[in-house]
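Worksheet: the structure to be examined is printed underneath.
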Amino acid sequence: MKKIAFLILVLFLVFLGLTYWSLSSTDKSFETCKIVGIADVEEIDFSKYDSVLVAASTLYEGNGLKNVMQGEQYRKAWSTPVKVPILYLKDINGNAKIVEEGGGHQTHSLKLRIDDGTLMTLRSVSKDPSPLIPKVAKTLGLENIVVDGISAQHPYAALVVAKLSEKAKILNTRPQLVFLPKQKQLLNYNEKYGNRLFLLEYETKGNANWLGIQNVDSLLDTDDLQKLKMKNPDKVHIVINSLVRARLFDLLIGDWDRHAKQWGWAIENAGNSINAIPLPCDRDNAFFNLEGILPSIISNDAFLPEVQSFEKEIDFLPGLISPFDVYFMQDAPASVFEEEARVLQEMLTDGAIESSFSVWPNDIYELDGKELIAKIKSRRNDLLEYAALFHKELVKNEKLDTALKGSEDIQLTKEEMACFTCIGN
């Protein structure tokens with residue numbers, strides 16, 4: 001017994017040593033893109049170029065030990081140079097002006113307004129997880145466990161997701177990959193945002209003209225939709241089939257991070273009814289690929305059931321049901337889930353899925369395209385089963401008794417926090 005205990009202790013110490021060695025491979029917590037073929041970026045006049053060759057980030061480059069301990073993830077996609085068009089704000093149709101700086105815990109963003117009131121956003125491709133790093137991790141020099149987690153996100157997933165969304169007739173923010181050089185239009189944001197890689201996309205609030213949908217002229221965030229419902233409880237309705245389709249689509253692309261602040265709503269005025277059509281945004285975690293010994297331990301179902309790697313089969317569907325789903329969809333009948341699963345299966349043919357990846361540069365497609373296509377097809381084939389299970393698990397959930405994320409300041413009664421249709425009843 002003593003020999004066994006000693007052996008276990010030795011193995012544990014070896015594991016700790018390998019873990020520390022892997023996590024201490026870099027002391028950086030943030031790095032922007034790497035421009036290829038330009039020695040001194042500050043001296044280049046980018047207005048003389050129409051594109052630039054750039055790698056999203058070389059911060060996540062791995063080695064044999066890191067790939068085993070922390071996973072291979074999408075390290076090669078992050079470090080592979082791609083040709084990206086150059087963007088000057090003055091060249092955006094409609095005279096774009098900076099409104100404010102935005103962003104969440106990891107993404108740096110600038111909100112823009114064009115002359116007709118349409119809002120757009122520049123969202124950084126490179127992420128800055130510094131605010132999420134616990135002080136104890138910094139003290140021990142282990143912050144890389146958080147930093148390196150970004151490598152599980154595909155830097156160009158949003159581009160493919162937008163094309164797949166179009167095939168499935170689901171609204172999207174129409175992201176475009178751009179390189180933003182330093183320029184006078186950036187004002188005092190040049191140092192933080194100049195010479196970086198961004199996704200330029202439409203915002204989920206403000207003017208809705210860009211959607212081109214008849215009788216839809218405005219976009220609202222989820223909290224503003226709730227306020228509209230409070231003012232017009234009998235008139236405001238969710239287009240439930242569209243929402244169920246959008247959530248089943250999330251299962252197809254492995255996007256597990258779908259809280260209430262990651263949805264906008266296109267407001268359709270239809271006679272005496274006001275219909276809210278879902279507009280998903282923020283696709284950072286589509287195709288999320290979590291590998292390696294350490295991430296597998298951390299993302300265990302018992303600890304983080306929602307954090308799931310994108311595989312051919314869904315590992316733990318109950319973990320993907322969020323408070324957002326309970327609030328908006330718990331009363332939707334099983335028949336709607338079945339109907340929309342069939343619609344997605346019909347729309348997302350093999351050809352539709354494959355052609356959606358044509359938006360990627362060839363080098364990126366060769367790295368990840370074929371494998372991701374196979375996974376999407378596998379999930380699509382099993383979507384009826386997933387839809388039935390999603391509904392079964394959804395109705396088991398207790399009604400909410402707290403506000404949705406982003407809606408904490410709205411004065412809702414406890415009954416109104418339970419569901420969207422509860423407001424005003």
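By order in the structure tokens, chains are A, B, ...; within a chain, residues start at 1; ligands start at 1, following the order shown.
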
According to DSSP computed on the backbone, where in region 89-266 of chain A is there helix (DSSP H, G or I)? Give the residues as an NGL selection string. :A and (89-91 or 130-132 or 135-140 or 144-152 or 157-167 or 184-193 or 209-211 or 222-231 or 240-253 or 260-262)

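Nearest residue to Tyr156 (chain A), choosing from A:Asp284, A:Glu371, A:Glu201, A:Glu338 and counting only C-alpha atoms: A:Asp284.
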
Could you give me, as a tab-separated table, a per-residue list for region 233-280 of chain A showing, wherever an atom lies at most 10 Å from an atom of region 318-331 of chain A, the closest pair of atoms and their distance in Å to one decimal, using only C-alpha atoms and sorting by chain then residue number from low to high?
```
residue	atom	partner	partner_atom	distance
A:Ile238	CA	A:Phe328	CA	8.0
A:Ile240	CA	A:Met329	CA	7.4
A:Asn241	CA	A:Met329	CA	9.7
A:Leu243	CA	A:Met329	CA	8.0
A:Val244	CA	A:Met329	CA	7.4
A:Arg247	CA	A:Asp325	CA	8.4
A:Asp250	CA	A:Leu320	CA	9.6
A:Leu251	CA	A:Leu320	CA	8.3
A:Gly254	CA	A:Leu320	CA	9.5
A:Asp255	CA	A:Leu320	CA	9.0
A:Trp256	CA	A:Leu320	CA	6.0
A:Asp257	CA	A:Leu320	CA	8.4
A:Arg258	CA	A:Ser322	CA	7.5
A:His259	CA	A:Phe324	CA	6.0
A:Ala260	CA	A:Phe324	CA	5.7
A:Lys261	CA	A:Phe324	CA	9.5
A:Trp263	CA	A:Phe324	CA	9.7
```

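For the choices A:Asp401, A:Asp363, A:Glu408, A:Glu346, the atom-to-atom distance to Leu384 (chain A) is smallest for A:Glu346 when using only C-alpha atoms.
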
Of the candidates A:Asn269, A:Thr413, A:Thr80, A:Ser356, which shows the shortest atom-to-atom distance to Ser165 (chain A), using only C-alpha atoms? A:Ser356

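Closest approach to Val239 (chain A) among A:Val216, A:Ile277, A:Asn188, A:Trp210 is made by A:Ile277 (distances from only C-alpha atoms).
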
Write out as JSON, numbers by chain the set of residues from region 48-293 of chain A that DSSP, computed on the backbone, places in strand (DSSP E). {"A": [51, 52, 53, 54, 55, 82, 83, 84, 85, 97, 98, 99, 100, 101, 102, 109, 110, 111, 112, 113, 119, 120, 121, 122, 123, 124, 176, 177, 178, 179, 180, 196, 197, 198, 199, 200, 201, 202, 206, 207, 216, 217, 218, 219, 220, 221, 236, 237, 238, 263, 264, 265, 266, 267, 268, 269, 270, 273, 274, 275, 276, 277, 278, 279, 280]}

Skip Phe288 (chain A) itself and residues of its chain fewer than 2 positions away, then list as a JSON list (two decimals) with N, CA and C atoms, in the first residue's frame all residues within 8 Å of it, counting only C-alpha atoms.
```json
[["chain", "number", "residue", "atom", "x", "y", "z"],
["A", 152, "ALA", "N", -9.29, 28.00, -28.21],
["A", 152, "ALA", "CA", -10.42, 27.10, -28.49],
["A", 152, "ALA", "C", -11.46, 27.78, -29.37],
["A", 153, "GLN", "N", -11.39, 29.10, -29.49],
["A", 153, "GLN", "CA", -12.30, 29.85, -30.37],
["A", 153, "GLN", "C", -11.67, 29.95, -31.75],
["A", 154, "HIS", "N", -12.47, 29.79, -32.78],
["A", 154, "HIS", "CA", -11.94, 29.93, -34.13],
["A", 154, "HIS", "C", -12.01, 31.41, -34.53],
["A", 254, "GLY", "N", -22.50, 24.40, -32.57],
["A", 254, "GLY", "CA", -21.79, 24.27, -31.30],
["A", 254, "GLY", "C", -21.58, 25.56, -30.55],
["A", 255, "ASP", "N", -22.49, 26.53, -30.72],
["A", 255, "ASP", "CA", -22.35, 27.81, -30.02],
["A", 255, "ASP", "C", -23.07, 27.71, -28.68],
["A", 285, "ASN", "N", -17.98, 31.86, -29.93],
["A", 285, "ASN", "CA", -17.83, 30.48, -29.46],
["A", 285, "ASN", "C", -18.44, 29.43, -30.39],
["A", 286, "ALA", "N", -18.81, 29.82, -31.60],
["A", 286, "ALA", "CA", -19.22, 28.82, -32.59],
["A", 286, "ALA", "C", -18.01, 27.96, -32.95],
["A", 290, "LEU", "N", -12.46, 22.42, -27.64],
["A", 290, "LEU", "CA", -11.74, 22.30, -26.38],
["A", 290, "LEU", "C", -11.06, 20.93, -26.31],
["A", 308, "GLN", "N", -18.82, 23.24, -23.94],
["A", 308, "GLN", "CA", -18.70, 21.96, -24.62],
["A", 308, "GLN", "C", -17.95, 22.10, -25.93],
["A", 309, "SER", "N", -17.10, 21.13, -26.19],
["A", 309, "SER", "CA", -16.34, 21.12, -27.43],
["A", 309, "SER", "C", -17.22, 20.70, -28.60],
["A", 310, "PHE", "N", -16.95, 21.26, -29.77],
["A", 310, "PHE", "CA", -17.74, 20.97, -30.97],
["A", 310, "PHE", "C", -17.31, 19.65, -31.57]]
```

For Ala55 (chain A), list every protein, DNA or RNA residue within 8 Å, evaluated using only C-alpha atoms, and leave out those in the same chain fewer than 2 positions away; present the list as a PyMOL selection string. chain A and resi 33-36+53+57-58+78-82

Restricting it to N, CA, C and O atoms, dump the selection as a PDB file, in the first residue's frame.
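again14.pdb, freshly written:
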```pdb
ATOM      1  N   CYS A  33      -2.719  41.423 -33.778  1.00  0.00           N
ATOM      2  CA  CYS A  33      -2.350  40.663 -34.966  1.00  0.00           C
ATOM      3  C   CYS A  33      -0.901  40.912 -35.382  1.00  0.00           C
ATOM      4  O   CYS A  33      -0.274  41.887 -34.966  1.00  0.00           O
ATOM      5  N   LYS A  34      -0.388  40.008 -36.207  1.00  0.00           N
ATOM      6  CA  LYS A  34       0.977  40.131 -36.717  1.00  0.00           C
ATOM      7  C   LYS A  34       0.919  40.339 -38.223  1.00  0.00           C
ATOM      8  O   LYS A  34       0.428  39.493 -38.967  1.00  0.00           O
ATOM      9  N   ILE A  35       1.419  41.489 -38.668  1.00  0.00           N
ATOM     10  CA  ILE A  35       1.412  41.824 -40.085  1.00  0.00           C
ATOM     11  C   ILE A  35       2.643  41.226 -40.742  1.00  0.00           C
ATOM     12  O   ILE A  35       3.761  41.373 -40.249  1.00  0.00           O
ATOM     13  N   VAL A  36       2.438  40.553 -41.864  1.00  0.00           N
ATOM     14  CA  VAL A  36       3.515  39.851 -42.559  1.00  0.00           C
ATOM     15  C   VAL A  36       4.071  40.719 -43.691  1.00  0.00           C
ATOM     16  O   VAL A  36       3.310  41.347 -44.435  1.00  0.00           O
ATOM     17  N   LEU A  53      -1.445  41.221 -45.545  1.00  0.00           N
ATOM     18  CA  LEU A  53      -1.319  39.832 -45.115  1.00  0.00           C
ATOM     19  C   LEU A  53      -1.081  39.819 -43.614  1.00  0.00           C
ATOM     20  O   LEU A  53      -0.085  40.376 -43.132  1.00  0.00           O
ATOM     21  N   SER A  57      -3.194  36.129 -34.535  1.00  0.00           N
ATOM     22  CA  SER A  57      -2.366  36.192 -33.336  1.00  0.00           C
ATOM     23  C   SER A  57      -1.374  35.034 -33.334  1.00  0.00           C
ATOM     24  O   SER A  57      -1.718  33.920 -33.725  1.00  0.00           O
ATOM     25  N   THR A  58      -0.155  35.317 -32.885  1.00  0.00           N
ATOM     26  CA  THR A  58       0.842  34.252 -32.715  1.00  0.00           C
ATOM     27  C   THR A  58       1.009  33.890 -31.237  1.00  0.00           C
ATOM     28  O   THR A  58       1.887  33.102 -30.887  1.00  0.00           O
ATOM     29  N   TRP A  78      -5.095  30.632 -35.845  1.00  0.00           N
ATOM     30  CA  TRP A  78      -4.747  31.937 -35.287  1.00  0.00           C
ATOM     31  C   TRP A  78      -3.428  32.457 -35.866  1.00  0.00           C
ATOM     32  O   TRP A  78      -3.280  33.659 -36.098  1.00  0.00           O
ATOM     33  N   SER A  79      -2.476  31.590 -36.112  1.00  0.00           N
ATOM     34  CA  SER A  79      -1.138  32.028 -36.530  1.00  0.00           C
ATOM     35  C   SER A  79      -0.920  32.000 -38.040  1.00  0.00           C
ATOM     36  O   SER A  79       0.133  32.426 -38.520  1.00  0.00           O
ATOM     37  N   THR A  80      -1.914  31.506 -38.789  1.00  0.00           N
ATOM     38  CA  THR A  80      -1.775  31.444 -40.251  1.00  0.00           C
ATOM     39  C   THR A  80      -2.131  32.794 -40.885  1.00  0.00           C
ATOM     40  O   THR A  80      -3.235  33.300 -40.668  1.00  0.00           O
ATOM     41  N   PRO A  81      -1.235  33.391 -41.667  1.00  0.00           N
ATOM     42  CA  PRO A  81      -1.530  34.692 -42.306  1.00  0.00           C
ATOM     43  C   PRO A  81      -2.628  34.557 -43.360  1.00  0.00           C
ATOM     44  O   PRO A  81      -2.678  33.586 -44.109  1.00  0.00           O
ATOM     45  N   VAL A  82      -3.516  35.557 -43.387  1.00  0.00           N
ATOM     46  CA  VAL A  82      -4.579  35.622 -44.390  1.00  0.00           C
ATOM     47  C   VAL A  82      -4.606  37.026 -44.997  1.00  0.00           C
ATOM     48  O   VAL A  82      -4.188  37.993 -44.366  1.00  0.00           O
TER      49      VAL A  82
END
```

Within 10 Å of Thr402 (chain A) using only C-alpha atoms, minus same-chain residues under 2 positions, as a short mmCIF file (atom, residue, chain, number, x, y, z; two decimals) with N, CA, C and O atoms, in the first residue's frame:
```cif
data_model
loop_
_atom_site.label_atom_id
_atom_site.label_comp_id
_atom_site.auth_asym_id
_atom_site.auth_seq_id
_atom_site.Cartn_x
_atom_site.Cartn_y
_atom_site.Cartn_z
N PRO A 323 -31.01 30.16 -19.10
CA PRO A 323 -32.16 30.93 -18.60
C PRO A 323 -32.92 31.63 -19.72
O PRO A 323 -34.14 31.78 -19.66
N LYS A 399 -39.27 27.55 -13.34
CA LYS A 399 -39.47 28.91 -13.83
C LYS A 399 -38.41 29.83 -13.22
O LYS A 399 -37.96 29.61 -12.09
N LEU A 400 -38.01 30.84 -13.96
CA LEU A 400 -37.01 31.77 -13.45
C LEU A 400 -37.57 32.61 -12.31
O LEU A 400 -38.76 32.94 -12.29
N LEU A 404 -33.07 38.24 -16.35
CA LEU A 404 -32.10 37.82 -17.34
C LEU A 404 -30.88 38.72 -17.29
O LEU A 404 -30.93 39.86 -16.83
N LYS A 405 -29.76 38.20 -17.78
CA LYS A 405 -28.53 38.99 -17.85
C LYS A 405 -28.78 40.23 -18.69
O LYS A 405 -29.27 40.15 -19.81
N SER A 407 -30.86 42.59 -17.81
CA SER A 407 -32.19 43.14 -17.49
C SER A 407 -32.38 43.36 -16.00
O SER A 407 -33.51 43.52 -15.53
N GLU A 408 -31.29 43.40 -15.27
CA GLU A 408 -31.37 43.50 -13.81
C GLU A 408 -32.01 44.80 -13.33
O GLU A 408 -32.57 44.86 -12.23
N LEU A 412 -39.38 44.47 -12.87
CA LEU A 412 -40.31 43.38 -13.15
C LEU A 412 -40.73 42.72 -11.84
O LEU A 412 -39.93 42.62 -10.91
N THR A 413 -41.97 42.30 -11.78
CA THR A 413 -42.41 41.54 -10.62
C THR A 413 -41.79 40.15 -10.69
O THR A 413 -41.28 39.73 -11.73
N LYS A 414 -41.85 39.42 -9.60
CA LYS A 414 -41.31 38.06 -9.58
C LYS A 414 -42.02 37.20 -10.62
O LYS A 414 -41.40 36.36 -11.28
N GLU A 415 -43.32 37.41 -10.79
CA GLU A 415 -44.08 36.64 -11.77
C GLU A 415 -43.63 37.00 -13.19
O GLU A 415 -43.53 36.13 -14.06
N GLU A 416 -43.34 38.28 -13.43
CA GLU A 416 -42.92 38.71 -14.77
C GLU A 416 -41.50 38.27 -15.13
O GLU A 416 -41.15 38.19 -16.29
N MET A 417 -40.67 37.99 -14.11
CA MET A 417 -39.35 37.47 -14.37
C MET A 417 -39.37 36.04 -14.87
O MET A 417 -38.40 35.55 -15.45
N ALA A 418 -40.50 35.36 -14.65
CA ALA A 418 -40.59 33.93 -14.97
C ALA A 418 -40.58 33.66 -16.46
O ALA A 418 -39.99 32.67 -16.92
#
```
